[in-house]
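Peer 1: Structure incoming, see below.
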Amino acid sequence: MPLSLESQEVIRATLPAVGAAIGDITPLFYRKMFAAHPELERDLFNRGNQKQGEQQKALAGSIAAFATLQLDPDPARVEAILSRIAHKHASLGIKPDEYWIVHEHLFAAIVEVLGEAVTPEVAKAWDEVYWLMANTLIALEADLYKSAGVAVGDVWRTVRVRERVYQSVDTVSFVLTSLDGAPLPTFRPGQYLSVGVKLPDGARQIRQYSLSSAPSQGDWRITLKRVSESLGQDGAVIPAGEVSNFLFENLFEGDELQVTTPFGDLVLSEEDGPLFLASAGIGCTPMIGMLSHLAEIGDQRKISVLHADRSAASHAHRHELETLVGSMPSADVYRWYEE
């Protein structure tokens with residue numbers, strides 16, 4: 001259902017003001033929501049992204065983009081924006097009730113920042129935008145849960161680590177199997193799963209890791225990188241990888257792990273045209289999963305693989321990449337190392 005004509009006019013008139021203030025609105029929203037629901041910050045949201053402001057930027061960008069596209073409709077762009085969000089939400093087990101929590105604290109932040117500019121007409125129009133976006137996401141997520149064969153939000157399962165293998169000096173892969181030995185659900189090459197761990201301070205943090213194996217193998221493999229604290233180009237501190245480092249240091253063969261059903265819309269194209277797979281650093285993991293699938297099915301199309309990394313020593317799955325590309329007659333690999 002499109003935005004009503006009445007609300008379109010209000011949104012058109014107020015979008016510049018809201019857009020200019022959204023950098024103040026979203027941090028206030030998260031502070032309000034976490035004050036009322038501290039369990040969300042502790043057990044659901046990425047604390048690292050919160051500290052860096054990445055979550056705030058993502059929320060601000062998605063709301064502004066969605067509102068803008070209601071004034072100049074572009075269904076393809078709307079689908080692209082919301083599909084990515086819906087897959088992320090499904091991988092976290094988000095349920096419809098949680099949209100009401102977001103609504104309450106987001107609109108409280110909007111009113112506090114914009115003050116008297118939020119007239120009843122303005123509030124009504126932005127409320128319509130929010131619920132149009134929220135209900136579209138709820139419907140998309142319901143379809144994802146249904147396709148995965150799970151109840152809404154019921155995406156978590158316990159798996160066991162069958163194998164732990166170092167892929168470079170600072171990366172390690174884990175082969176995950178079911179507790180009863182049955183094949184794990186299949187997935188599309190390029191998808192990811194969420195991993196939830198209880199950290200020493202009692203918080204349960206969740207991160208997403210791409211599947212770096214072919215979907216036909218009956219088990220899942222993820223690869224993660226140990227990340228040390230560093231300084232960004234702007235001088236800001238980039239925190240150490242909280243969950244990745246914990247798993248790197250503490251997860252071994254025989255251990256159990258909480259993970260979700262695979263999701264993700266950045267998947268291998270089913271078309272038969274040439275493929276260009278580009279990656280850098282640990283971003284190679286979905287490409288390795290795609291190449292494993294392509295090699296397994298004997299794909300004959302032209303495939304060009306480009307990977308950039310700091311050095312050969314830090315290049316995860318380097319030997320596997322060579323083996324996979326070498327097994328396909330129409331595939332080539334191009335590598336660039338900073339050092």
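Naming scheme: A, B, ... for chains in displayed order of the structure tokens; residues 1 onward per chain; ligands 1 onward as shown.
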Give me, as number ranges by chain, the residues of segment 204-335 of chain A that a backbone DSSP run labels strand (DSSP E).

Peer 2: A: 204-210, 220-225, 230-231, 237-238, 256-260, 275-280, 303-309, 331-335

Peer 1: What's the 12 Å shell around Asp201 of chain A, counting only C-alpha atoms, without same-chain residues fewer than 6 positions away, as a list in words?

Peer 2: Arg42, Asp43 and Glu242 of chain A

Peer 1: Mind listing the alpha helix (DSSP H) residues of segment 94-167 of chain A, per DSSP on the backbone, as a ChimeraX atom specification?

Peer 2: /A:97-114,120-148

Peer 1: Neighbours of segment 130-135 of chain A within 9 Å (only C-alpha atoms; same-chain residues fewer than 2 positions away dropped), as a count of residues only?

Peer 2: 18

Peer 1: Compile the contact shell of segment 173-180 of chain A as a list in words: residues with an atom at most 7 Å away, counting only C-alpha atoms, same-chain residues fewer than 5 positions apart removed.

Peer 2: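 In the requested form, the answer reads Val159, Arg160, Val161, Arg162, Glu163, Arg164, Val165, Tyr166, Gln167, Asp219, Trp220, Arg221, Ile222, Thr223 and Leu224 of chain A.
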
Peer 1: Quick one: of A:Ile110, A:Leu71, A:Lys302, A:Tyr30, who's nearest to Gln55 of chain A, counting only C-alpha atoms?

Peer 2: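 Ranked by minimum distance to Gln55 of chain A, first place goes to A:Tyr30.
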
Peer 1: Please provide the set of residues having any atom within 9 Å of Met287 of chain A, restricted to only C-alpha atoms, with same-chain residues fewer than 6 positions apart removed, written as an MDAnalysis selection string.

Peer 2: chainID A and resid 189:190 212 268 277:279 305

Peer 1: By how many Å are atom CA of Gln52 of chain A and atom CA of Arg204 of chain A apart?

Peer 2: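 The value is 18.9 Å.
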